[in-house]
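The file start_23.txt comes next; it holds compact mmCIF, C-alpha atoms.
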# COMPACT_ATOMS: atom_id res chain seq x y z
CA MET T 4 19.00 -5.88 -16.46
CA ILE T 5 16.53 -8.75 -16.58
CA LEU T 6 17.47 -11.06 -19.41
CA PRO T 7 15.31 -13.77 -20.95
CA ARG T 8 15.54 -17.16 -19.26
CA SER T 9 17.18 -19.86 -21.30
CA ALA T 10 15.20 -22.97 -22.04
CA SER T 11 17.86 -25.19 -20.50
CA GLU T 12 17.46 -23.78 -17.01
CA SER T 13 16.03 -25.98 -14.31
CA SER T 14 12.42 -26.11 -13.23
CA PRO T 15 11.35 -24.67 -9.84
CA PRO T 16 12.59 -26.75 -6.90
CA PHE T 17 9.18 -27.19 -5.27
CA PRO T 18 5.94 -28.66 -6.63
CA GLU T 19 3.72 -25.89 -7.97
CA TYR T 20 0.48 -24.81 -6.33
CA PRO T 21 -2.50 -26.12 -8.32
CA ARG T 22 -4.20 -23.72 -10.71
CA THR T 23 -7.65 -23.56 -12.24
CA PRO T 24 -9.02 -21.65 -15.22
CA ALA T 25 -11.10 -19.48 -12.88
CA ARG T 26 -8.02 -18.44 -10.96
CA ARG T 27 -6.14 -17.85 -14.20
CA ALA T 28 -8.88 -15.53 -15.43
CA TRP T 29 -9.02 -13.64 -12.18
CA HIS T 30 -5.38 -12.91 -11.48
CA ARG T 31 -4.48 -11.01 -14.60
CA PRO T 32 -6.55 -7.87 -14.00
CA LEU T 33 -5.64 -7.95 -10.32
CA GLU T 34 -2.00 -7.27 -11.01
CA VAL T 35 -2.64 -4.60 -13.55
CA THR T 36 -4.63 -2.46 -11.19
CA LEU T 37 -3.06 -2.70 -7.81
CA SER T 38 0.58 -1.95 -8.33
CA THR T 39 2.29 0.99 -6.75
CA ASN T 40 5.22 0.40 -9.03
CA PRO T 41 4.78 2.40 -12.23
CA SER T 42 7.55 0.62 -14.07
CA GLU T 43 5.61 -2.61 -13.75
CA THR T 44 2.11 -1.42 -14.34
CA THR T 45 2.07 1.60 -16.58
CA PRO T 46 0.56 0.57 -19.90
CA ALA T 47 2.65 0.91 -23.03
CA PRO T 48 3.00 4.61 -23.87
CA ASP T 49 0.29 5.94 -26.09
CA PRO T 50 1.97 7.55 -29.11
CA SER T 51 -0.76 10.17 -29.24
CA HIS T 52 0.22 11.34 -25.74
CA PRO T 53 4.02 11.31 -25.85
CA GLY T 54 4.38 13.28 -22.61
CA LEU T 55 1.72 12.24 -20.12
CA GLY T 56 1.51 8.71 -21.50
CA ARG T 57 5.01 8.00 -20.20
CA LEU T 58 4.43 9.44 -16.76
CA GLY T 59 4.32 6.86 -13.97
CA ALA T 60 1.65 6.91 -11.26
CA ASP T 61 4.27 7.71 -8.60
CA TRP T 62 5.57 10.75 -10.44
CA ALA T 63 2.05 11.89 -11.32
CA ALA T 64 1.15 11.84 -7.62
CA VAL T 65 4.34 13.71 -6.74
CA ILE T 66 3.60 16.38 -9.35
CA VAL T 67 0.02 16.90 -8.18
CA ALA T 68 1.23 17.16 -4.58
CA ALA T 69 4.01 19.52 -5.68
CA VAL T 70 1.47 21.88 -7.21
CA LEU T 71 -0.47 21.97 -3.93
CA VAL T 72 2.73 22.53 -1.95
CA LEU T 73 3.73 25.31 -4.34
CA LEU T 74 0.38 26.98 -3.73
CA ALA T 75 1.02 26.75 0.02
CA VAL T 76 4.57 28.12 -0.25
CA THR T 77 3.35 31.08 -2.29
CA GLY T 78 0.47 31.70 0.11
CA LEU T 79 -2.17 30.91 -2.52
CA LEU T 80 -3.52 27.76 -0.88
CA PRO T 81 -6.91 28.50 0.67
CA SER T 82 -7.76 27.22 4.14
CA ILE T 83 -8.82 23.57 3.75
CA PRO T 84 -11.07 22.12 6.44
CA PHE T 85 -11.74 18.46 7.13
CA LEU T 86 -15.01 16.91 8.20
CA VAL T 87 -13.88 15.14 11.37
CA ARG T 88 -12.25 16.91 14.37
CA MET M 17 -9.13 -5.87 -3.86
CA THR M 18 -9.44 -6.20 -7.51
CA ALA M 19 -10.67 -4.18 -10.35
CA PRO M 20 -11.03 -5.21 -13.92
CA ALA M 21 -8.39 -4.50 -16.46
CA GLU M 22 -10.60 -1.92 -18.08
CA SER M 23 -9.85 0.39 -15.23
CA THR M 24 -6.30 0.89 -16.36
CA THR M 25 -6.55 0.84 -20.08
CA ASN M 26 -8.00 3.11 -22.67
CA SER M 27 -9.73 0.44 -24.63
CA GLY M 28 -13.37 -0.25 -24.74
CA ASP M 29 -14.55 3.02 -23.33
CA ASN M 30 -17.40 5.03 -24.67
CA THR M 31 -16.16 8.51 -23.94
CA GLY M 32 -13.68 10.46 -25.96
CA VAL M 33 -12.36 12.47 -23.02
CA PRO M 34 -10.08 10.22 -20.92
CA VAL M 35 -10.54 12.23 -17.69
CA LEU M 36 -14.33 11.75 -17.83
CA ARG M 37 -13.84 7.99 -17.58
CA TYR M 38 -12.64 8.51 -14.01
CA LEU M 39 -15.38 10.89 -12.96
CA PRO M 40 -18.14 8.43 -11.88
CA GLY M 41 -15.75 6.38 -9.79
CA LEU M 42 -14.19 9.48 -8.24
CA VAL M 43 -17.64 10.74 -7.27
CA LEU M 44 -18.34 7.34 -5.70
CA LEU M 45 -15.07 7.51 -3.73
CA VAL M 46 -16.01 10.97 -2.42
CA VAL M 47 -19.55 9.91 -1.53
CA VAL M 48 -18.45 6.75 0.31
CA GLY M 49 -15.70 8.64 2.13
CA VAL M 50 -17.96 11.53 3.18
CA VAL M 51 -20.71 9.16 4.31
CA GLY M 52 -18.04 7.42 6.39
CA THR M 53 -17.20 10.68 8.17
CA PHE M 54 -20.90 11.37 8.77
CA ALA M 55 -21.28 7.87 10.19
CA GLN M 56 -18.58 8.57 12.76
CA THR M 57 -19.81 12.04 13.73
CA GLY M 58 -23.46 10.88 13.62
CA LEU M 59 -22.79 7.97 15.95
CA ARG M 60 -20.92 10.29 18.30
CA SER M 61 -23.86 12.72 18.32
CA VAL M 62 -26.37 9.94 18.98
CA GLY M 63 -24.23 8.67 21.85
CA LYS M 64 -23.95 12.15 23.30
CA ALA M 65 -27.66 12.95 22.89
CA THR M 66 -28.83 9.68 24.41
CA GLY M 67 -26.10 9.44 27.04
CA THR M 68 -25.12 5.97 25.83
CA ALA M 69 -21.57 4.75 25.34
CA LEU M 70 -21.56 3.85 21.67
CA PRO M 71 -18.32 2.64 20.08
CA ASP M 72 -16.33 5.47 18.48
CA ILE M 73 -15.61 3.87 15.12
CA GLU M 74 -13.21 6.01 13.06
CA TYR M 75 -14.36 7.29 9.67
CA VAL M 76 -11.49 5.34 8.14
CA LEU M 77 -13.11 2.07 9.10
CA TRP M 78 -16.59 3.31 8.13
CA ALA M 79 -15.36 4.26 4.65
CA ILE M 80 -13.73 0.88 4.17
CA ILE M 81 -16.72 -1.05 5.53
CA LEU M 82 -19.17 0.90 3.35
CA GLY M 83 -17.01 0.32 0.27
CA LEU M 84 -16.66 -3.34 1.13
CA VAL M 85 -20.41 -3.76 1.56
CA ILE M 86 -21.13 -2.03 -1.77
CA ARG M 87 -18.55 -4.10 -3.63
CA ASN M 88 -19.76 -7.39 -2.20
CA THR M 89 -23.49 -6.82 -2.41
CA VAL M 90 -24.62 -4.65 -5.34
CA GLY M 91 -21.14 -4.60 -6.90
CA VAL M 92 -19.28 -1.78 -8.63
CA PRO M 93 -20.68 -1.12 -12.13
CA LYS M 94 -18.23 -0.94 -15.01
CA ALA M 95 -18.61 2.82 -15.44
CA PHE M 96 -17.30 3.40 -11.90
CA ARG M 97 -14.29 1.12 -12.06
CA PRO M 98 -11.70 3.42 -13.67
CA GLY M 99 -12.23 6.06 -10.98
CA VAL M 100 -12.43 3.54 -8.14
CA GLY M 101 -9.15 2.06 -9.37
CA THR M 102 -7.32 5.34 -8.71
CA TYR M 103 -7.21 4.86 -4.95
CA GLU M 104 -3.47 4.25 -4.81
CA PHE M 105 -2.88 7.50 -6.66
CA TRP M 106 -4.70 9.34 -3.85
CA LEU M 107 -2.73 7.36 -1.28
CA LYS M 108 0.55 8.59 -2.77
CA ILE M 109 -0.62 12.20 -2.89
CA GLY M 110 -1.71 11.89 0.74
CA ILE M 111 1.67 10.51 1.78
CA VAL M 112 3.60 13.25 -0.02
CA LEU M 113 1.47 15.96 1.61
CA LEU M 114 1.81 14.29 5.01
CA GLY M 115 5.51 15.18 4.79
CA ALA M 116 4.52 18.73 5.84
CA ARG M 117 3.85 17.41 9.34
CA PHE M 118 7.39 16.04 9.80
CA LEU M 119 10.70 17.69 10.58
CA LEU M 120 13.57 16.05 8.73
CA GLY M 121 15.41 15.32 11.98
CA ASP M 122 12.44 13.40 13.39
CA LEU M 123 12.05 11.58 10.10
CA ALA M 124 15.72 10.56 10.08
CA LYS M 125 15.47 9.43 13.70
CA LEU M 126 12.32 7.43 13.04
CA GLY M 127 13.63 6.01 9.77
CA GLY M 128 16.98 5.02 11.25
CA PHE M 129 15.39 3.46 14.30
CA SER M 130 12.80 1.53 12.32
CA LEU M 131 15.39 0.31 9.80
CA GLY M 132 16.96 -1.95 12.41
CA LEU M 133 13.56 -3.36 13.37
CA ILE M 134 12.61 -3.81 9.72
CA LEU M 135 15.74 -5.85 9.04
CA ILE M 136 15.02 -8.13 12.02
CA ASP M 137 11.39 -8.53 10.90
CA MET M 138 12.52 -9.24 7.37
CA VAL M 139 14.79 -12.11 8.43
CA VAL M 140 12.10 -13.57 10.69
CA ALA M 141 9.31 -13.26 8.10
CA THR M 142 11.39 -14.65 5.25
CA THR M 143 12.61 -17.64 7.23
CA MET M 144 9.16 -18.38 8.58
CA ILE M 145 7.32 -18.09 5.28
CA LEU M 146 9.83 -20.07 3.25
CA LEU M 147 9.76 -22.90 5.80
CA VAL M 148 5.99 -22.97 6.22
CA GLY M 149 5.49 -22.54 2.46
CA LYS M 150 7.62 -25.61 1.86
CA ALA M 151 5.71 -27.55 4.50
CA PHE M 152 2.41 -26.59 2.81
CA GLY M 153 3.68 -27.58 -0.62
CA LEU M 154 3.70 -24.10 -2.11
CA GLY M 155 6.06 -23.47 -5.01
CA GLY M 156 9.35 -21.82 -4.11
CA LYS M 157 8.52 -18.72 -6.14
CA LEU M 158 5.09 -18.35 -4.54
CA SER M 159 6.70 -18.62 -1.11
CA THR M 160 9.30 -16.06 -2.16
CA LEU M 161 6.58 -13.65 -3.28
CA LEU M 162 4.72 -14.10 0.00
CA ALA M 163 7.96 -13.45 1.89
CA ILE M 164 8.64 -10.32 -0.18
CA GLY M 165 5.08 -9.08 0.33
CA THR M 166 5.07 -9.72 4.06
CA SER M 167 8.50 -8.37 4.87
CA ILE M 168 8.63 -5.32 2.60
CA CYS M 169 5.74 -3.69 0.95
CA GLY M 170 2.79 -5.82 0.12
CA VAL M 171 1.47 -5.60 -3.39
CA SER M 172 4.02 -3.32 -5.01
CA ALA M 173 6.93 -5.45 -3.76
CA ILE M 174 5.21 -8.60 -5.03
CA ILE M 175 4.70 -7.05 -8.44
CA ALA M 176 8.30 -5.87 -8.58
CA GLY M 177 9.41 -9.33 -7.44
CA ARG M 178 7.25 -11.14 -9.98
CA GLY M 179 9.24 -9.90 -12.95
CA ALA M 180 12.58 -10.14 -11.18
CA ILE M 181 12.29 -13.83 -10.26
CA ASP M 182 10.18 -14.76 -13.29
CA ALA M 183 7.23 -15.93 -11.22
CA ASP M 184 4.08 -16.58 -13.22
CA ASP M 185 0.90 -14.52 -13.11
CA GLU M 186 -0.94 -16.98 -10.94
CA ASP M 187 1.72 -17.16 -8.24
CA SER M 188 1.76 -13.39 -7.96
CA GLY M 189 -2.06 -13.40 -7.95
CA TYR M 190 -2.17 -15.84 -5.03
CA ALA M 191 0.42 -13.83 -3.13
CA ILE M 192 -1.39 -10.54 -3.73
CA ALA M 193 -4.74 -11.99 -2.69
CA ALA M 194 -3.27 -13.39 0.51
CA ILE M 195 -1.49 -10.15 1.39
CA LEU M 196 -4.60 -8.06 0.75
CA ALA M 197 -6.85 -10.36 2.76
CA LEU M 198 -4.48 -10.21 5.71
CA GLY M 199 -4.15 -6.45 5.35
CA ALA M 200 -7.90 -6.24 5.88
CA VAL M 201 -7.66 -8.47 8.94
CA ALA M 202 -4.87 -6.32 10.36
CA LEU M 203 -6.85 -3.16 9.66
CA PHE M 204 -9.63 -4.23 12.00
CA SER M 205 -7.68 -6.27 14.56
CA PHE M 206 -4.59 -4.13 15.18
CA PRO M 207 -6.41 -1.07 16.61
CA ALA M 208 -8.39 -3.33 18.96
CA ILE M 209 -5.21 -5.06 20.13
CA GLY M 210 -3.44 -1.71 20.45
CA HIS M 211 -6.20 -0.33 22.67
CA ALA M 212 -6.30 -3.52 24.72
CA LEU M 213 -2.55 -3.27 25.33
CA GLN M 214 -2.82 0.50 25.89
CA LEU M 215 -0.11 1.24 23.36
CA THR M 216 0.89 4.87 22.94
CA ASP M 217 0.30 6.50 19.57
CA THR M 218 4.00 6.24 18.73
CA GLN M 219 4.17 2.60 19.73
CA PHE M 220 1.08 1.74 17.70
CA GLY M 221 2.33 3.70 14.69
CA LEU M 222 5.65 1.88 14.83
CA TRP M 223 3.90 -1.46 15.12
CA ALA M 224 1.49 -0.81 12.24
CA GLY M 225 4.30 0.55 10.06
CA LEU M 226 6.41 -2.54 10.72
CA ALA M 227 3.79 -5.28 10.57
CA VAL M 228 0.94 -4.31 8.21
CA ASP M 229 1.89 -5.34 4.70
CA ASN M 230 0.30 -3.02 2.19
CA THR M 231 0.77 0.76 2.29
CA ALA M 232 -2.93 1.62 2.02
CA GLU M 233 -3.83 -0.74 4.86
CA THR M 234 -0.90 0.49 6.95
CA THR M 235 -2.06 4.09 6.56
CA ALA M 236 -5.65 3.15 7.36
CA THR M 237 -4.64 1.05 10.38
CA GLY M 238 -2.65 3.96 11.79
CA ALA M 239 -5.50 6.39 11.12
CA ALA M 240 -7.96 4.06 12.83
CA TYR M 241 -5.90 4.49 16.01
CA SER M 242 -5.01 8.19 15.96
CA GLN M 243 -3.63 10.89 13.71
CA HIS M 244 -0.18 10.69 15.29
CA ALA M 245 -0.16 6.91 14.99
CA GLN M 246 -0.95 7.31 11.31
CA GLN M 247 1.94 9.72 10.80
CA VAL M 248 4.41 7.38 12.50
CA ALA M 249 3.03 4.37 10.61
CA VAL M 250 3.44 6.13 7.26
CA ALA M 251 7.00 7.22 8.07
CA VAL M 252 8.00 3.69 9.08
CA LYS M 253 6.23 2.17 6.09
CA ASN M 254 8.05 4.55 3.77
CA THR M 255 11.33 3.23 5.16
CA ARG M 256 10.14 -0.28 4.34
CA ASN M 257 9.01 0.81 0.90
CA ALA M 258 12.41 2.34 0.18
CA LEU M 259 13.97 -1.11 0.52
CA ILE M 260 11.91 -2.69 -2.26
CA GLY M 261 14.56 -2.46 -4.96
CA ILE M 262 17.42 -3.82 -2.86
CA VAL M 263 15.44 -6.75 -1.49
CA VAL M 264 13.92 -7.69 -4.83
CA LEU M 265 17.36 -7.50 -6.41
CA GLY M 266 18.65 -9.90 -3.76
CA TYR M 267 15.86 -12.37 -4.53
CA ALA M 268 16.43 -11.95 -8.28
CA ILE M 269 20.11 -12.85 -7.84
CA TYR M 270 19.15 -15.87 -5.73
CA TRP M 271 16.63 -17.09 -8.30
CA SER M 272 18.79 -16.35 -11.36
CA ASN M 273 20.31 -19.84 -11.21
CA ARG M 274 17.16 -21.57 -9.99
CA GLY M 275 14.65 -21.12 -12.76
CA GLY M 276 14.45 -17.35 -12.53
CA VAL M 277 15.86 -14.85 -14.99
CA ALA M 278 19.49 -14.00 -15.59
CA VAL M 279 20.59 -10.88 -13.75
CA ALA M 280 23.06 -8.46 -15.26
CA SER M 281 26.21 -8.16 -13.18
CA GLY M 282 27.20 -4.51 -13.60
CA LEU M 283 26.74 -2.04 -10.75
CA ARG M 284 25.15 0.43 -13.14
CA ALA M 285 22.52 -2.05 -14.34
CA ARG M 286 21.73 -3.10 -10.78
CA SER M 287 21.52 0.47 -9.59
CA ALA M 288 19.15 1.21 -12.46
CA PHE M 289 16.96 -1.69 -11.35
CA VAL M 290 16.88 -0.46 -7.76
CA TRP M 291 15.95 3.03 -8.95
CA ARG M 292 13.23 1.70 -11.26
CA THR M 293 11.55 -0.13 -8.40
CA PHE M 294 12.04 2.66 -5.87
CA PRO M 295 8.71 4.27 -4.87
CA LYS M 296 9.19 7.86 -6.03
CA PHE M 297 6.49 9.27 -3.78
CA VAL M 298 8.84 8.60 -0.85
CA LEU M 299 11.14 11.24 -2.35
CA GLY M 300 8.21 13.65 -2.53
CA PHE M 301 7.40 12.92 1.12
CA ILE M 302 11.00 13.71 2.15
CA ALA M 303 11.10 16.84 -0.05
CA VAL M 304 7.93 18.25 1.55
CA SER M 305 9.32 17.42 4.98
CA ALA M 306 12.50 19.32 4.05
CA LEU M 307 10.39 22.34 3.09
CA ALA M 308 8.53 22.15 6.40
CA THR M 309 11.84 21.89 8.25
CA ALA M 310 13.10 24.96 6.39
CA GLY M 311 10.04 26.86 7.62
CA ALA M 312 8.47 27.23 4.19
CA PHE M 313 4.95 26.81 5.60
CA THR M 314 2.98 28.76 8.16
CA LYS M 315 1.04 26.85 10.83
CA ALA M 316 -2.20 27.44 8.92
CA GLU M 317 -0.65 26.12 5.72
CA VAL M 318 0.60 23.01 7.49
CA THR M 319 -2.95 22.47 8.76
CA SER M 320 -4.39 22.91 5.27
CA LEU M 321 -1.83 20.55 3.72
CA GLY M 322 -2.55 18.06 6.49
CA ASN M 323 -6.27 18.29 5.78
CA LEU M 324 -5.66 17.88 2.05
CA SER M 325 -3.70 14.78 2.94
CA LYS M 326 -6.70 13.54 4.95
CA TRP M 327 -9.00 14.12 1.97
CA ALA M 328 -6.65 12.16 -0.27
CA PHE M 329 -6.49 9.34 2.26
CA LEU M 330 -10.27 9.37 2.56
CA LEU M 331 -10.62 8.67 -1.17
CA CYS M 332 -7.99 5.95 -0.82
CA PHE M 333 -9.77 4.26 2.09
CA ALA M 334 -13.09 4.29 0.24
CA GLY M 335 -11.26 2.73 -2.71
CA VAL M 336 -9.72 0.03 -0.52
CA GLY M 337 -13.21 -1.15 0.42
CA LEU M 338 -14.66 -0.76 -3.06
CA ASN M 339 -11.86 -2.85 -4.55
CA PHE M 340 -12.03 -5.63 -1.99
CA ASP M 341 -13.93 -8.57 -3.47
CA LEU M 342 -14.35 -11.31 -0.91
CA ARG M 343 -15.38 -13.88 -3.51
CA GLU M 344 -12.19 -13.35 -5.45
CA ILE M 345 -10.09 -13.59 -2.31
CA ALA M 346 -11.84 -16.86 -1.47
CA ARG M 347 -11.15 -18.19 -4.97
CA SER M 348 -7.41 -17.78 -4.49
CA GLY M 349 -7.19 -20.87 -2.33
CA VAL M 350 -6.50 -21.59 1.29
CA ARG M 351 -2.86 -22.63 1.42
CA PRO M 352 -1.22 -19.32 0.42
CA LEU M 353 -3.59 -17.60 2.83
CA ILE M 354 -2.58 -19.86 5.72
CA VAL M 355 1.12 -19.39 5.00
CA ALA M 356 0.76 -15.61 4.78
CA ALA M 357 -1.42 -15.58 7.91
CA LEU M 358 1.24 -17.43 9.87
CA GLY M 359 3.77 -14.97 8.49
CA LEU M 360 1.62 -12.04 9.60
CA VAL M 361 1.13 -13.48 13.09
CA VAL M 362 4.86 -14.04 13.49
CA VAL M 363 5.79 -10.62 12.10
CA ALA M 364 3.11 -8.90 14.18
CA GLY M 365 4.26 -10.68 17.35
CA CYS M 366 7.92 -10.07 16.64
CA SER M 367 7.31 -6.39 15.75
CA LEU M 368 5.18 -5.81 18.81
CA GLY M 369 7.85 -7.30 21.05
CA LEU M 370 10.55 -5.18 19.43
CA VAL M 371 8.43 -2.04 19.69
CA LEU M 372 7.64 -2.61 23.35
CA LEU M 373 11.29 -3.26 24.11
CA THR M 374 12.79 -0.37 22.18
CA SER M 375 10.17 2.35 21.56
CA HIS M 376 11.37 4.49 24.46
CA TRP M 377 14.27 5.47 22.17
CA VAL M 378 11.91 7.34 19.87
CA THR M 379 9.39 8.60 22.39
CA GLY M 380 8.30 12.10 21.51
CA THR M 381 8.85 11.70 17.79

Full structure transcribed into structure tokens:
Amino acid sequence: MILPRSASESSPPFPEYPRTPARRAWHRPLEVTLSTNPSETTPAPDPSHPGLGRLGADWAAVIVAAVLVLLAVTGLLPSIPFLVR
Amino acid sequence: MTAPAESTTNSGDNTGVPVLRYLPGLVLLVVVGVVGTFAQTGLRSVGKATGTALPDIEYVLWAIILGLVIRNTVGVPKAFRPGVGTYEFWLKIGIVLLGARFLLGDLAKLGGFSLGLILIDMVVATTMILLVGKAFGLGGKLSTLLAIGTSICGVSAIIAGRGAIDADDEDSGYAIAAILALGAVALFSFPAIGHALQLTDTQFGLWAGLAVDNTAETTATGAAYSQHAQQVAVAVKNTRNALIGIVVLGYAIYWSNRGGVAVASGLRARSAFVWRTFPKFVLGFIAVSALATAGAFTKAEVTSLGNLSKWAFLLCFAGVGLNFDLREIARSGVRPLIVAALGLVVVAGCSLGLVLLTSHWVTGT
């Protein structure tokens, strides 16, 4: 859906916030790590792992939780305590 | 809240077994989280034994503070970073499992009620941030990212918005840093304000779910108040999260003729975009709630799933602290922070007013 921007399009309407090399170096890893959106952050699929390599973080979490829920539904989930209250 | 790129890639690692890369950091998350729980129970015991009224600081805050202190004093060594970077994965598992504590009817009631408040907040936050951003000389795209982050879903919405409006890496970095810094402020200030105003658990949960930007901080803020407040906060935040795709699409269309990227016009392409940005763990949360509503779990199983959810959140909270680098936040500059702070204050005030006026409609949820 997102198509490349053409070179003739206008520049942003507001003056840009100043940047420094230190900021430039810092921001790149920040975005890679913190996303909750797998489509934006999942690294390119590793050909050696054709299945799991394509799995997004959201779906991976859902699958892990689904396994635990399945254990509960089938009565196989042991009693899990917590440390507070 | 940053972690180096190594934490998400396979390159440059010295072990051949990918899972082992995460082990040191996971152990650190567990240790910090468990020490946080001991800090809470230990302080309680000391207060009881000595007959003194010590503050009852929740383990959530202890875990975050301990992580924050470690990160900003001795630092997090490289070997620990892949595991420490998994905290959002644990957050999502915790949210899905938390669905076991909700009946679908309550969820629908809460979601429907909060949707109206979210839309009001969204209009207020967007207007405020775009105006103040312009006054402070921020770029239009940076202001847009701050508005997206404040009104919808913090970091994930900013990252989805970055590609959609063709913002550059630095703009999204500034916006993320500002949103994370303010999330930390909200985490410690909201519970204090809530107690001062004597908000009920439902009122506080609604408020945190509406006003705290990032999902991890929203969950932690709710948990710092009470378990019920956390559940309400997560349910409301999930409603906000579900709007990511639609809102980002709206901004993408706006920016497509203003230096953004061209947006395909077909309904199918736009629907695909909304689906791609939709947080899938929300579906898991609803599915588990549906199972609970259908009576698939016994009371003991609901308790165990709830406790598993707490364990997952505990790892997440430890990770929030361990990923929060104050020096890096400071390096991001003051202006985006001021704009986002004003946005947070306005959204928090507006949300609190709305909650106080309308929360009697959902009392008992």

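The nearest approach to Ala258 in chain M among the residues M:Ala316, M:Gly337, M:Ala280, M:Ile168, with all atoms listed in the file taken into account, belongs to M:Ile168.
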
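Of note, CA of Leu226 in chain M and CA of Leu372 in chain M are spaced 12.7 Å apart.
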
Report as a list of chain:residue names all protein, DNA and RNA residues lying within 10 Å of Thr216 in chain M, evaluated on all atoms listed in the file, omitting residues in the same chain fewer than 4 positions from it. M:Gly210, M:His211, M:Phe220, M:Gly221, M:Leu222, M:Tyr241, M:Ser242, M:His244, M:Ala245, M:Ser375, M:Thr379

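Atom to atom, CA of Ser82 in chain T and CA of Glu104 in chain M stand 25.0 Å apart.
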
Can you check which parts of chain M lie within 7 Å of chain T? Per residue, the shortest pair of atoms and distance in Å to one decimal, counting all atoms listed in the file, sorted by chain and number, as CSV.
residue,atom,partner,partner_atom,distance
M:Thr18,CA,T:Leu33,CA,5.0
M:Ala19,CA,T:Leu33,CA,6.3
M:Pro20,CA,T:Pro32,CA,5.2
M:Ala21,CA,T:Pro32,CA,4.6
M:Thr24,CA,T:Thr36,CA,6.4
M:Thr53,CA,T:Val87,CA,6.4
M:Gly101,CA,T:Thr36,CA,6.6
M:Glu104,CA,T:Thr39,CA,6.9
M:Phe105,CA,T:Ala64,CA,6.0
M:Lys108,CA,T:Ala64,CA,5.9
M:Ile109,CA,T:Ala64,CA,5.1
M:Val112,CA,T:Ala68,CA,6.5
M:Leu113,CA,T:Ala68,CA,6.3
M:Gly153,CA,T:Pro18,CA,6.5
M:Leu154,CA,T:Tyr20,CA,5.4
M:Gly155,CA,T:Glu19,CA,4.5
M:Gly156,CA,T:Phe17,CA,5.5
M:Val171,CA,T:Ser38,CA,6.2
M:Ser172,CA,T:Thr39,CA,5.0
M:Ile175,CA,T:Ser38,CA,6.6
M:Ala176,CA,T:Glu43,CA,6.7
M:Ala180,CA,T:Ile5,CA,6.8
M:Asp185,CA,T:Arg31,CA,6.6
M:Glu186,CA,T:His30,CA,6.0
M:Gly189,CA,T:His30,CA,4.9
M:Arg274,CA,T:Ser13,CA,6.3
M:Gly275,CA,T:Ser13,CA,5.3
M:Gly276,CA,T:Arg8,CA,6.8
M:Val277,CA,T:Arg8,CA,4.9
M:Ala278,CA,T:Leu6,CA,5.2
M:Val279,CA,T:Ile5,CA,5.4
M:Ala280,CA,T:Met4,CA,5.0
M:Ala285,CA,T:Met4,CA,5.6
M:Arg286,CA,T:Met4,CA,6.9
M:Phe289,CA,T:Met4,CA,6.9
M:Arg292,CA,T:Ser42,CA,6.4
M:Thr293,CA,T:Asn40,CA,6.4
M:Pro295,CA,T:Asn40,CA,6.7
M:Lys296,CA,T:Asp61,CA,5.6
M:Phe297,CA,T:Asp61,CA,5.5
M:Gly300,CA,T:Val65,CA,5.7
M:Ala312,CA,T:Val76,CA,6.0
M:Phe313,CA,T:Val76,CA,6.0
M:Glu317,CA,T:Ala75,CA,6.0
M:Ser320,CA,T:Ile83,CA,4.7
M:Asn323,CA,T:Phe85,CA,5.6
M:Leu324,CA,T:Ile83,CA,6.7
M:Arg347,CA,T:Arg26,CA,6.8
M:Ser348,CA,T:Arg26,CA,6.5

Calculate, to one decimal in Å, the centre and edge lengths of the box along x, y and z of the file that holds all listed atoms of range 58-62 of chain T with 3 Å of margin on each side, and present them as JSON.
{"center_x": 3.6, "center_y": 8.8, "center_z": -12.7, "size_x": 9.9, "size_y": 9.9, "size_z": 14.2}

Between CA of Pro40 in chain M and CA of Thr102 in chain M, measure the distance and give it in Å to one decimal. 11.7 Å
